[in-house]
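Novice: Just passing along the structure, written as structure tokens.
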Number of protein chains: 2
Amino acid sequence: MPLTENVTIAVDAMGGDNAPSVVLDGVVAALAEDENLQVVLVGPADVVEPFASTHNRCTAAVATEVIGMAEHPAEAVRKKKDSSIVIGCKLVKEGKAQGFFSAGSTGACLAGATLGIGRIKGVSRPCLCSVIPSPVAPVVMADIGANADCKPEYLAQFAQMASIYAEKIVGIKSPKCALLNIGEEDTKGSQFAQAAFAQLKEKVPNFVGNCEGRDIIAANYDVVITDGFTGNVVLKTIEGTSKTLFKSVKKVFLSNLATKLGALAIKGKLSKLANSINPDKFGGAPLLGVKGACIVGHGSSNADAIKNGIHASSKVVREDVCGLISQAVSR
Amino acid sequence: MPLTENVTIAVDAMGGDNAPSVVLDGVVAALAEDENLQVVLVGPADVVEPFASTHNRCTAAVATEVIGMAEHPAEAVRKKKDSSIVIGCKLVKEGKAQGFFSAGSTGACLAGATLGIGRIKGVSRPCLCSVIPSPVAPVVMADIGANADCKPEYLAQFAQMASIYAEKIVGIKSPKCALLNIGEEDTKGSQFAQAAFAQLKEKVPNFVGNCEGRDIIAANYDVVITDGFTGNVVLKTIEGTSKTLFKSVKKVFLSNLATKLGALAIKGKLSKLANSINPDKFGGAPLLGVKGACIVGHGSSNADAIKNGIHASSKVVREDVCGLISQAVSR
């Protein structure tokens, strides 16, 4: 990643369950690791102003309102014009920042960015991407929830955008892209999936065919494309299954003295495994198709995840992901 | 389970990757455990006749053809009128058996049963159910692939049928039923999910609201309802995620001498955990809504899974699941 280019990222100081403290820690770490990074910290004056005045390459943008995780996204964005999410997106729109990172409400960030920053010309619908942390290899999936209702042709653009992200940001060379379906044969699936298959085949050069649910975490493909309803359900299913299984394994470890001793020998390597499937290292879910680098972190992001999210946003700017998307969709 | 009632189940001798040997072993075990069970073994004469002549309560039904796992289901059922799946379903249709069990092609069993046995009056679409083996508690999910394209009203019937199966066969008292969606609030989801929500709310007394992907394996609800596309993708995602994670944990165990020794202490309990999430114990996926007890086993079923599948089919007959479904859908 070429760190030489100057980049300005707006960061939502109030995003996430542990804001603002972990956000501020994350900003400190990001600034320390990237000397050509500028941060505009968006939030209440008493949080952002003292921080900006004591940190180099950081300026403050005051937002008097905060959108809570439980608020209705579109409504909150419309009503709270002075919220950190709306102000952050406005900074990108006005060119005062090239990207926006928040670990706040995903729905509000989606609404804020789509309305506030606007779409890249030619993009029908921006999509939310996730880098799924498989123990085998990272897998990029889209859409994971920006569009609960899709037209088949949207999926071809999701594939183009997610493939660019996979290659330029995740570092997967010549990513293989597959359509999530209920069978591998070309003719399988719902009417929607069959129509989407035709669109992908026609418009996406790196499309290799259908894949199934079991292929995702096995990393049999690099980019997995689906509608936002299925993608969201599947992503949460993977998270839930991993969590429940790890919890059950932990219970096994703690069941008696012998297993506790046995667990001691394995613990280190197992935490490493648990860490390898921790989504935090990829910094969050990028919203692709808007005119700026917009990444939404997990609500439970720690300082490290915030740092990685800011770095990913900078990389989206430096690798000109928006320019590449613009070219791809106009072909 | 009252074992006193006589039940006759047609069993596909040629279903599954290890047919006929594991099927025959499974039949032997099922007959030994249930003295009021009769089996009609369906398959090639040289397989079923010698077996039937040497086993009590087993008769032979000769089928000269076999439908392979890779064949196009509906086409194969139409063409191979003398296949074990088509003959097995015909036995149910003619009242010579009350149920049919096969570990063969799911698609062919679906097509065979829907066309060959026929729907219960009032059922719009039969659905395929799965008992998901969560380490917390079993969860019944439907539809898992019989209907890739659904109308919202189908889902209300899926909920009614799956709830009856959960209560009578899996033994879950007063099962709580939820709609798989992308948010918990009543107004969340795609247009389809919102319409399905309204149908479930109106027609299903044990419907408690929306659930998300992460709720499935955590067993936060007893019955999870979705369309056959989403259900199939989700089921395969759970299977794939469990498999990949267990493989990764195994790799950790084998990484050096210390972890190998540690693993020894844990191994027994961990196999028990792996076993608790083994779908074999539930015997397969019931096709609900057809006039008979039709259960489809996993292709990789061992003798134990075959035995459990036959027992589950008998239980569906003895608990009069079809009668209860008929009542529920006519209400």
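To be explicit about the labels: the chains of the structure tokens are called A, B, and onward in the order shown, and within each one the residues are counted from 1, while ligands get numbers from 1 in the order they are shown.
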Tell me, as a PyMOL selection string, which residues lie within 7 Å of B:Ser134, counting only C-alpha atoms; anything in the same chain fewer than 6 positions away does not count.
Specialist: chain B and resi 217-219+277
Novice: As a PDB file with N, CA and C atoms, in the first residue's frame, please: all residues of stretch 87-169 of chain A that backbone DSSP puts in helix (DSSP H, G or I).
Specialist:
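And here is the file that came out, selection-v2.pdb:
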ATOM      1  N   ILE A  87     -23.000  14.789   9.284  1.00  0.00           N
ATOM      2  CA  ILE A  87     -21.915  15.768   9.091  1.00  0.00           C
ATOM      3  C   ILE A  87     -20.703  15.099   8.416  1.00  0.00           C
ATOM      4  N   GLY A  88     -20.384  13.872   8.850  1.00  0.00           N
ATOM      5  CA  GLY A  88     -19.247  13.152   8.265  1.00  0.00           C
ATOM      6  C   GLY A  88     -19.434  12.945   6.770  1.00  0.00           C
ATOM      7  N   CYS A  89     -20.645  12.541   6.379  1.00  0.00           N
ATOM      8  CA  CYS A  89     -20.921  12.327   4.950  1.00  0.00           C
ATOM      9  C   CYS A  89     -20.864  13.651   4.181  1.00  0.00           C
ATOM     10  N   LYS A  90     -21.334  14.723   4.850  1.00  0.00           N
ATOM     11  CA  LYS A  90     -21.321  16.039   4.220  1.00  0.00           C
ATOM     12  C   LYS A  90     -19.880  16.504   3.931  1.00  0.00           C
ATOM     13  N   LEU A  91     -18.975  16.172   4.845  1.00  0.00           N
ATOM     14  CA  LEU A  91     -17.570  16.534   4.633  1.00  0.00           C
ATOM     15  C   LEU A  91     -17.018  15.873   3.369  1.00  0.00           C
ATOM     16  N   VAL A  92     -17.462  14.634   3.121  1.00  0.00           N
ATOM     17  CA  VAL A  92     -17.011  13.930   1.907  1.00  0.00           C
ATOM     18  C   VAL A  92     -17.645  14.578   0.674  1.00  0.00           C
ATOM     19  N   LYS A  93     -18.936  14.839   0.774  1.00  0.00           N
ATOM     20  CA  LYS A  93     -19.664  15.486  -0.324  1.00  0.00           C
ATOM     21  C   LYS A  93     -18.994  16.805  -0.723  1.00  0.00           C
ATOM     22  N   THR A 106     -25.208   0.861  11.063  1.00  0.00           N
ATOM     23  CA  THR A 106     -24.965   0.560   9.649  1.00  0.00           C
ATOM     24  C   THR A 106     -26.050   1.184   8.779  1.00  0.00           C
ATOM     25  N   GLY A 107     -27.292   1.032   9.193  1.00  0.00           N
ATOM     26  CA  GLY A 107     -28.395   1.569   8.421  1.00  0.00           C
ATOM     27  C   GLY A 107     -28.300   3.079   8.259  1.00  0.00           C
ATOM     28  N   ALA A 108     -27.936   3.769   9.343  1.00  0.00           N
ATOM     29  CA  ALA A 108     -27.826   5.225   9.268  1.00  0.00           C
ATOM     30  C   ALA A 108     -26.660   5.625   8.370  1.00  0.00           C
ATOM     31  N   CYS A 109     -25.549   4.895   8.424  1.00  0.00           N
ATOM     32  CA  CYS A 109     -24.415   5.194   7.548  1.00  0.00           C
ATOM     33  C   CYS A 109     -24.796   4.989   6.087  1.00  0.00           C
ATOM     34  N   LEU A 110     -25.519   3.907   5.823  1.00  0.00           N
ATOM     35  CA  LEU A 110     -25.996   3.632   4.465  1.00  0.00           C
ATOM     36  C   LEU A 110     -26.858   4.772   3.961  1.00  0.00           C
ATOM     37  N   ALA A 111     -27.853   5.134   4.787  1.00  0.00           N
ATOM     38  CA  ALA A 111     -28.778   6.202   4.395  1.00  0.00           C
ATOM     39  C   ALA A 111     -28.013   7.520   4.263  1.00  0.00           C
ATOM     40  N   GLY A 112     -27.150   7.787   5.239  1.00  0.00           N
ATOM     41  CA  GLY A 112     -26.391   9.037   5.237  1.00  0.00           C
ATOM     42  C   GLY A 112     -25.488   9.152   4.016  1.00  0.00           C
ATOM     43  N   ALA A 113     -24.821   8.065   3.674  1.00  0.00           N
ATOM     44  CA  ALA A 113     -23.874   8.101   2.553  1.00  0.00           C
ATOM     45  C   ALA A 113     -24.595   8.129   1.217  1.00  0.00           C
ATOM     46  N   THR A 114     -25.666   7.325   1.094  1.00  0.00           N
ATOM     47  CA  THR A 114     -26.368   7.271  -0.186  1.00  0.00           C
ATOM     48  C   THR A 114     -27.010   8.625  -0.491  1.00  0.00           C
ATOM     49  N   LEU A 115     -27.664   9.202   0.534  1.00  0.00           N
ATOM     50  CA  LEU A 115     -28.321  10.504   0.341  1.00  0.00           C
ATOM     51  C   LEU A 115     -27.297  11.636   0.374  1.00  0.00           C
ATOM     52  N   GLY A 116     -26.372  11.545   1.324  1.00  0.00           N
ATOM     53  CA  GLY A 116     -25.475  12.674   1.581  1.00  0.00           C
ATOM     54  C   GLY A 116     -24.295  12.750   0.638  1.00  0.00           C
ATOM     55  N   PRO A 152     -32.180  -8.321 -10.741  1.00  0.00           N
ATOM     56  CA  PRO A 152     -31.038  -9.156 -11.141  1.00  0.00           C
ATOM     57  C   PRO A 152     -29.838  -8.340 -11.637  1.00  0.00           C
ATOM     58  N   GLU A 153     -30.107  -7.252 -12.355  1.00  0.00           N
ATOM     59  CA  GLU A 153     -28.995  -6.491 -12.932  1.00  0.00           C
ATOM     60  C   GLU A 153     -28.136  -5.787 -11.866  1.00  0.00           C
ATOM     61  N   TYR A 154     -28.730  -5.520 -10.693  1.00  0.00           N
ATOM     62  CA  TYR A 154     -27.915  -4.924  -9.625  1.00  0.00           C
ATOM     63  C   TYR A 154     -26.747  -5.847  -9.293  1.00  0.00           C
ATOM     64  N   LEU A 155     -27.026  -7.157  -9.313  1.00  0.00           N
ATOM     65  CA  LEU A 155     -26.017  -8.112  -8.845  1.00  0.00           C
ATOM     66  C   LEU A 155     -24.765  -8.115  -9.725  1.00  0.00           C
ATOM     67  N   ALA A 156     -24.938  -7.797 -11.008  1.00  0.00           N
ATOM     68  CA  ALA A 156     -23.762  -7.726 -11.885  1.00  0.00           C
ATOM     69  C   ALA A 156     -22.863  -6.573 -11.432  1.00  0.00           C
ATOM     70  N   GLN A 157     -23.476  -5.449 -11.043  1.00  0.00           N
ATOM     71  CA  GLN A 157     -22.672  -4.318 -10.552  1.00  0.00           C
ATOM     72  C   GLN A 157     -22.053  -4.641  -9.190  1.00  0.00           C
ATOM     73  N   PHE A 158     -22.806  -5.317  -8.334  1.00  0.00           N
ATOM     74  CA  PHE A 158     -22.234  -5.717  -7.032  1.00  0.00           C
ATOM     75  C   PHE A 158     -20.966  -6.547  -7.288  1.00  0.00           C
ATOM     76  N   ALA A 159     -21.051  -7.425  -8.283  1.00  0.00           N
ATOM     77  CA  ALA A 159     -19.916  -8.311  -8.596  1.00  0.00           C
ATOM     78  C   ALA A 159     -18.718  -7.495  -9.083  1.00  0.00           C
ATOM     79  N   GLN A 160     -18.995  -6.508  -9.939  1.00  0.00           N
ATOM     80  CA  GLN A 160     -17.901  -5.667 -10.443  1.00  0.00           C
ATOM     81  C   GLN A 160     -17.251  -4.900  -9.295  1.00  0.00           C
ATOM     82  N   MET A 161     -18.083  -4.320  -8.437  1.00  0.00           N
ATOM     83  CA  MET A 161     -17.556  -3.484  -7.348  1.00  0.00           C
ATOM     84  C   MET A 161     -16.827  -4.333  -6.304  1.00  0.00           C
ATOM     85  N   ALA A 162     -17.407  -5.450  -5.933  1.00  0.00           N
ATOM     86  CA  ALA A 162     -16.798  -6.301  -4.906  1.00  0.00           C
ATOM     87  C   ALA A 162     -15.489  -6.908  -5.407  1.00  0.00           C
ATOM     88  N   SER A 163     -15.421  -7.193  -6.705  1.00  0.00           N
ATOM     89  CA  SER A 163     -14.196  -7.762  -7.260  1.00  0.00           C
ATOM     90  C   SER A 163     -13.059  -6.744  -7.212  1.00  0.00           C
ATOM     91  N   ILE A 164     -13.382  -5.475  -7.475  1.00  0.00           N
ATOM     92  CA  ILE A 164     -12.368  -4.414  -7.383  1.00  0.00           C
ATOM     93  C   ILE A 164     -11.871  -4.296  -5.941  1.00  0.00           C
ATOM     94  N   TYR A 165     -12.787  -4.339  -5.003  1.00  0.00           N
ATOM     95  CA  TYR A 165     -12.401  -4.257  -3.583  1.00  0.00           C
ATOM     96  C   TYR A 165     -11.530  -5.450  -3.192  1.00  0.00           C
ATOM     97  N   ALA A 166     -11.934  -6.646  -3.646  1.00  0.00           N
ATOM     98  CA  ALA A 166     -11.178  -7.867  -3.321  1.00  0.00           C
ATOM     99  C   ALA A 166      -9.746  -7.751  -3.831  1.00  0.00           C
ATOM    100  N   GLU A 167      -9.601  -7.245  -5.030  1.00  0.00           N
ATOM    101  CA  GLU A 167      -8.269  -7.185  -5.656  1.00  0.00           C
ATOM    102  C   GLU A 167      -7.430  -6.053  -5.061  1.00  0.00           C
ATOM    103  N   LYS A 168      -7.997  -4.856  -4.988  1.00  0.00           N
ATOM    104  CA  LYS A 168      -7.199  -3.684  -4.614  1.00  0.00           C
ATOM    105  C   LYS A 168      -7.031  -3.525  -3.107  1.00  0.00           C
ATOM    106  N   ILE A 169      -8.035  -3.872  -2.341  1.00  0.00           N
ATOM    107  CA  ILE A 169      -7.958  -3.614  -0.895  1.00  0.00           C
ATOM    108  C   ILE A 169      -7.618  -4.884  -0.103  1.00  0.00           C
TER     109      ILE A 169
END
Novice: Which polymer residues have any atom within 6 Å of an atom of stretch 287-298 of chain B, counting only C-alpha atoms, with same-chain residues fewer than 2 positions away left out, as a list in words?
Specialist: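 Once the adjacent positions are removed, what remains is Gln98, Gly99, Phe100, Phe101, Ser102, Ala103, Gly118, Arg119, Ile120, Pro126, Cys127, Leu128, Gly284, Ala285, Ser300, Ser301, Ser313 and Val316 of chain B.
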Novice: Within 8 Å of chain A, which residues of chain B come that close, and what is the closest atom pair and distance in Å for each? Count only C-alpha atoms and give it as JSON lines.
Specialist:
{"residue": "B:Pro135", "atom": "CA", "partner": "A:Ser248", "partner_atom": "CA", "distance": 7.1}
{"residue": "B:Gly145", "atom": "CA", "partner": "A:Ile182", "partner_atom": "CA", "distance": 7.8}
{"residue": "B:Ala148", "atom": "CA", "partner": "A:Ser190", "partner_atom": "CA", "distance": 4.8}
{"residue": "B:Asp149", "atom": "CA", "partner": "A:Ser190", "partner_atom": "CA", "distance": 5.5}
{"residue": "B:Leu180", "atom": "CA", "partner": "A:Val233", "partner_atom": "CA", "distance": 7.7}
{"residue": "B:Asn181", "atom": "CA", "partner": "A:Val233", "partner_atom": "CA", "distance": 6.9}
{"residue": "B:Ile182", "atom": "CA", "partner": "A:Val233", "partner_atom": "CA", "distance": 6.0}
{"residue": "B:Gly189", "atom": "CA", "partner": "A:Ala148", "partner_atom": "CA", "distance": 6.4}
{"residue": "B:Ser190", "atom": "CA", "partner": "A:Ala148", "partner_atom": "CA", "distance": 4.8}
{"residue": "B:Gln191", "atom": "CA", "partner": "A:Asp149", "partner_atom": "CA", "distance": 6.9}
{"residue": "B:Glu212", "atom": "CA", "partner": "A:Val233", "partner_atom": "CA", "distance": 6.4}
{"residue": "B:Gly213", "atom": "CA", "partner": "A:Thr237", "partner_atom": "CA", "distance": 4.1}
{"residue": "B:Arg214", "atom": "CA", "partner": "A:Gly240", "partner_atom": "CA", "distance": 4.0}
{"residue": "B:Asp215", "atom": "CA", "partner": "A:Gly240", "partner_atom": "CA", "distance": 6.9}
{"residue": "B:Ile216", "atom": "CA", "partner": "A:Thr237", "partner_atom": "CA", "distance": 7.2}
{"residue": "B:Ile217", "atom": "CA", "partner": "A:Thr241", "partner_atom": "CA", "distance": 5.8}
{"residue": "B:Ala218", "atom": "CA", "partner": "A:Thr244", "partner_atom": "CA", "distance": 6.2}
{"residue": "B:Phe229", "atom": "CA", "partner": "A:Ile182", "partner_atom": "CA", "distance": 6.5}
{"residue": "B:Thr230", "atom": "CA", "partner": "A:Thr230", "partner_atom": "CA", "distance": 6.1}
{"residue": "B:Asn232", "atom": "CA", "partner": "A:Ile182", "partner_atom": "CA", "distance": 6.2}
{"residue": "B:Val233", "atom": "CA", "partner": "A:Gly213", "partner_atom": "CA", "distance": 4.8}
{"residue": "B:Val234", "atom": "CA", "partner": "A:Val234", "partner_atom": "CA", "distance": 6.0}
{"residue": "B:Leu235", "atom": "CA", "partner": "A:Gly213", "partner_atom": "CA", "distance": 7.4}
{"residue": "B:Lys236", "atom": "CA", "partner": "A:Gly213", "partner_atom": "CA", "distance": 4.6}
{"residue": "B:Thr237", "atom": "CA", "partner": "A:Gly213", "partner_atom": "CA", "distance": 4.1}
{"residue": "B:Ile238", "atom": "CA", "partner": "A:Thr241", "partner_atom": "CA", "distance": 6.5}
{"residue": "B:Glu239", "atom": "CA", "partner": "A:Arg214", "partner_atom": "CA", "distance": 6.4}
{"residue": "B:Gly240", "atom": "CA", "partner": "A:Arg214", "partner_atom": "CA", "distance": 4.0}
{"residue": "B:Thr241", "atom": "CA", "partner": "A:Ile217", "partner_atom": "CA", "distance": 5.8}
{"residue": "B:Ser242", "atom": "CA", "partner": "A:Thr241", "partner_atom": "CA", "distance": 7.1}
{"residue": "B:Thr244", "atom": "CA", "partner": "A:Ala218", "partner_atom": "CA", "distance": 6.2}
{"residue": "B:Leu245", "atom": "CA", "partner": "A:Ser242", "partner_atom": "CA", "distance": 7.5}
{"residue": "B:Ser248", "atom": "CA", "partner": "A:Pro135", "partner_atom": "CA", "distance": 7.1}
{"residue": "B:Val249", "atom": "CA", "partner": "A:Leu270", "partner_atom": "CA", "distance": 7.1}
{"residue": "B:Val252", "atom": "CA", "partner": "A:Lys269", "partner_atom": "CA", "distance": 6.2}
{"residue": "B:Phe253", "atom": "CA", "partner": "A:Ile266", "partner_atom": "CA", "distance": 6.8}
{"residue": "B:Ala258", "atom": "CA", "partner": "A:Ala265", "partner_atom": "CA", "distance": 5.8}
{"residue": "B:Thr259", "atom": "CA", "partner": "A:Ile266", "partner_atom": "CA", "distance": 5.1}
{"residue": "B:Leu261", "atom": "CA", "partner": "A:Gly262", "partner_atom": "CA", "distance": 7.0}
{"residue": "B:Gly262", "atom": "CA", "partner": "A:Gly262", "partner_atom": "CA", "distance": 3.6}
{"residue": "B:Ala263", "atom": "CA", "partner": "A:Gly262", "partner_atom": "CA", "distance": 6.0}
{"residue": "B:Leu264", "atom": "CA", "partner": "A:Gly262", "partner_atom": "CA", "distance": 7.3}
{"residue": "B:Ala265", "atom": "CA", "partner": "A:Thr259", "partner_atom": "CA", "distance": 5.2}
{"residue": "B:Ile266", "atom": "CA", "partner": "A:Thr259", "partner_atom": "CA", "distance": 5.1}
{"residue": "B:Lys269", "atom": "CA", "partner": "A:Val252", "partner_atom": "CA", "distance": 6.2}
{"residue": "B:Leu270", "atom": "CA", "partner": "A:Val252", "partner_atom": "CA", "distance": 6.6}
{"residue": "B:Leu273", "atom": "CA", "partner": "A:Ser248", "partner_atom": "CA", "distance": 7.5}
Novice: Store the residues of this selection in a file with N, CA and C atoms, as a short mmCIF file (atom, residue, chain, number, x, y, z; two decimals), in the first residue's frame.
Specialist:
data_model
loop_
_atom_site.label_atom_id
_atom_site.label_comp_id
_atom_site.auth_asym_id
_atom_site.auth_seq_id
_atom_site.Cartn_x
_atom_site.Cartn_y
_atom_site.Cartn_z
N PRO B 135 -25.76 -27.42 19.11
CA PRO B 135 -25.29 -27.94 20.39
C PRO B 135 -26.16 -27.48 21.57
N GLY B 145 -35.57 -26.10 0.72
CA GLY B 145 -35.22 -26.27 -0.67
C GLY B 145 -36.27 -26.89 -1.58
N ALA B 148 -37.97 -23.08 -4.31
CA ALA B 148 -37.03 -21.97 -4.48
C ALA B 148 -37.79 -20.66 -4.62
N ASP B 149 -38.96 -20.73 -5.24
CA ASP B 149 -39.80 -19.54 -5.37
C ASP B 149 -41.07 -19.74 -4.54
N LEU B 180 -37.40 -16.06 9.53
CA LEU B 180 -36.02 -15.65 9.29
C LEU B 180 -36.03 -14.34 8.50
N ASN B 181 -35.38 -13.33 9.06
CA ASN B 181 -35.43 -12.01 8.44
C ASN B 181 -34.11 -11.27 8.70
N ILE B 182 -34.02 -10.00 8.29
CA ILE B 182 -32.76 -9.29 8.44
C ILE B 182 -32.84 -8.22 9.52
N GLY B 189 -37.15 -6.00 6.74
CA GLY B 189 -37.02 -7.02 5.72
C GLY B 189 -37.37 -6.62 4.31
N SER B 190 -37.20 -7.56 3.40
CA SER B 190 -37.58 -7.38 2.01
C SER B 190 -39.10 -7.29 1.93
N GLN B 191 -39.60 -6.91 0.77
CA GLN B 191 -41.06 -6.85 0.59
C GLN B 191 -41.67 -8.22 0.84
N GLU B 212 -33.07 -13.64 13.30
CA GLU B 212 -31.96 -13.38 12.38
C GLU B 212 -31.08 -14.62 12.25
N GLY B 213 -30.17 -14.57 11.29
CA GLY B 213 -29.29 -15.71 11.03
C GLY B 213 -28.58 -16.22 12.26
N ARG B 214 -28.19 -15.30 13.12
CA ARG B 214 -27.42 -15.71 14.31
C ARG B 214 -28.28 -16.44 15.34
N ASP B 215 -29.60 -16.33 15.23
CA ASP B 215 -30.49 -16.99 16.19
C ASP B 215 -30.65 -18.48 15.92
N ILE B 216 -30.33 -18.93 14.70
CA ILE B 216 -30.64 -20.31 14.32
C ILE B 216 -29.87 -21.30 15.19
N ILE B 217 -28.54 -21.29 15.06
CA ILE B 217 -27.75 -22.31 15.76
C ILE B 217 -27.71 -22.02 17.28
N ALA B 218 -27.99 -20.80 17.66
CA ALA B 218 -28.08 -20.48 19.09
C ALA B 218 -29.38 -21.03 19.69
N PHE B 229 -35.24 -21.02 -1.02
CA PHE B 229 -33.94 -20.55 -1.50
C PHE B 229 -33.07 -20.17 -0.30
N THR B 230 -33.59 -19.26 0.52
CA THR B 230 -32.82 -18.81 1.69
C THR B 230 -32.53 -19.98 2.62
N ASN B 232 -32.21 -23.18 2.00
CA ASN B 232 -31.19 -24.08 1.49
C ASN B 232 -29.79 -23.47 1.62
N VAL B 233 -29.69 -22.18 1.28
CA VAL B 233 -28.40 -21.50 1.38
C VAL B 233 -27.93 -21.49 2.85
N VAL B 234 -28.85 -21.17 3.75
CA VAL B 234 -28.51 -21.08 5.17
C VAL B 234 -28.10 -22.44 5.74
N LEU B 235 -28.86 -23.49 5.41
CA LEU B 235 -28.53 -24.82 5.91
C LEU B 235 -27.13 -25.24 5.47
N LYS B 236 -26.82 -25.01 4.20
CA LYS B 236 -25.50 -25.37 3.68
C LYS B 236 -24.41 -24.48 4.28
N THR B 237 -24.77 -23.25 4.60
CA THR B 237 -23.81 -22.35 5.24
C THR B 237 -23.47 -22.86 6.64
N ILE B 238 -24.49 -23.30 7.37
CA ILE B 238 -24.25 -23.84 8.72
C ILE B 238 -23.38 -25.09 8.62
N GLU B 239 -23.74 -26.01 7.72
CA GLU B 239 -22.96 -27.23 7.55
C GLU B 239 -21.51 -26.91 7.19
N GLY B 240 -21.34 -26.00 6.23
CA GLY B 240 -19.99 -25.65 5.77
C GLY B 240 -19.18 -24.97 6.85
N THR B 241 -19.83 -24.07 7.60
CA THR B 241 -19.11 -23.35 8.65
C THR B 241 -18.67 -24.31 9.75
N SER B 242 -19.56 -25.20 10.18
CA SER B 242 -19.21 -26.19 11.21
C SER B 242 -18.04 -27.04 10.73
N THR B 244 -15.74 -26.54 8.36
CA THR B 244 -14.48 -25.82 8.22
C THR B 244 -13.88 -25.50 9.59
N LEU B 245 -14.73 -25.11 10.54
CA LEU B 245 -14.20 -24.77 11.87
C LEU B 245 -13.66 -26.01 12.57
N SER B 248 -10.37 -26.88 11.19
CA SER B 248 -9.33 -25.96 11.66
C SER B 248 -8.91 -26.29 13.09
N VAL B 249 -9.89 -26.64 13.93
CA VAL B 249 -9.58 -27.00 15.32
C VAL B 249 -8.73 -28.27 15.33
N VAL B 252 -5.21 -27.53 14.62
CA VAL B 252 -4.56 -26.97 15.80
C VAL B 252 -4.08 -28.11 16.71
N PHE B 253 -4.94 -29.11 16.87
CA PHE B 253 -4.61 -30.25 17.73
C PHE B 253 -3.36 -30.98 17.25
N ALA B 258 2.98 -31.05 22.05
CA ALA B 258 2.25 -30.53 23.21
C ALA B 258 0.74 -30.46 22.92
N THR B 259 0.40 -29.95 21.74
CA THR B 259 -1.03 -29.83 21.42
C THR B 259 -1.63 -31.22 21.22
N LEU B 261 -0.77 -33.96 22.82
CA LEU B 261 -1.01 -34.49 24.17
C LEU B 261 -2.23 -33.82 24.79
N GLY B 262 -2.28 -32.51 24.64
CA GLY B 262 -3.42 -31.75 25.15
C GLY B 262 -4.72 -32.26 24.54
N ALA B 263 -4.67 -32.52 23.23
CA ALA B 263 -5.86 -32.95 22.51
C ALA B 263 -6.38 -34.29 23.03
N LEU B 264 -5.44 -35.15 23.46
CA LEU B 264 -5.84 -36.45 23.99
C LEU B 264 -6.85 -36.33 25.13
N ALA B 265 -6.60 -35.34 25.98
CA ALA B 265 -7.45 -35.15 27.15
C ALA B 265 -8.85 -34.66 26.76
N ILE B 266 -8.91 -33.99 25.65
CA ILE B 266 -10.16 -33.33 25.26
C ILE B 266 -10.96 -34.14 24.26
N LYS B 269 -14.55 -35.75 24.82
CA LYS B 269 -15.65 -34.77 25.00
C LYS B 269 -15.91 -34.01 23.69
N LEU B 270 -14.83 -33.79 22.93
CA LEU B 270 -15.00 -33.04 21.69
C LEU B 270 -15.74 -33.88 20.65
N LEU B 273 -19.22 -33.54 21.38
CA LEU B 273 -19.76 -32.29 20.87
C LEU B 273 -20.03 -32.41 19.36
#
Novice: Return as a PyMOL selection string the full set of residues in stretch 260-299 of chain B whose backbone-based DSSP assignment is strand (DSSP E).
Specialist: chain B and resi 285-288+293-296
Novice: Can you measure atom CA of A:Ser276 to atom CA of A:Ala32 for me? One decimal in Å is fine.
Specialist: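 Distance between the two atoms: 24.3 Å.
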Novice: Write out as a list in words the residues lying within 10 Å of stretch 48-58 of chain B, counting only C-alpha atoms and excluding same-chain residues fewer than 3 positions away.
Specialist: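 Surrounding residues, per the criterion: Thr8, Ile9, Ala10, Asp12, Ala13, Met14, Pro20, Leu24, Val27, Val28, Leu31, Ala32, Glu35, Asn36, Leu37, Gln38, Val39, Val40, Leu41, Val42, Gly43, Pro44, Ala45, Ala61, Val62 and Ala63 of chain B.
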Novice: What gap, in Å, lies between atom CA of A:Lys96 and atom CA of A:Glu75?
Specialist: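 The value is 25.4 Å.
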Novice: Please report the interatomic distance between atom CA of B:Gln327 and atom CA of B:Ile172 in Å with one decimal.
Specialist: 19.7 Å
Novice: Tell me, as a list in words, which residues lie within 6 Å of stretch 139-141 of chain B, counting only C-alpha atoms; anything in the same chain fewer than 4 positions away does not count.
Specialist: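 Returned residues: Cys129, Ser130, Val131, Ile132, Asp222, Val223, Val224 and Ile225 of chain B.
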Novice: List as a list in words the protein and nucleic acid residues near B:Ala29, meaning an atom at most 8 Å away when only C-alpha atoms are counted, but skip any in the same chain fewer than 3 places from it.
Specialist: Asp25, Gly26, Ala32, Glu33, Asp304 and Lys307 of chain B
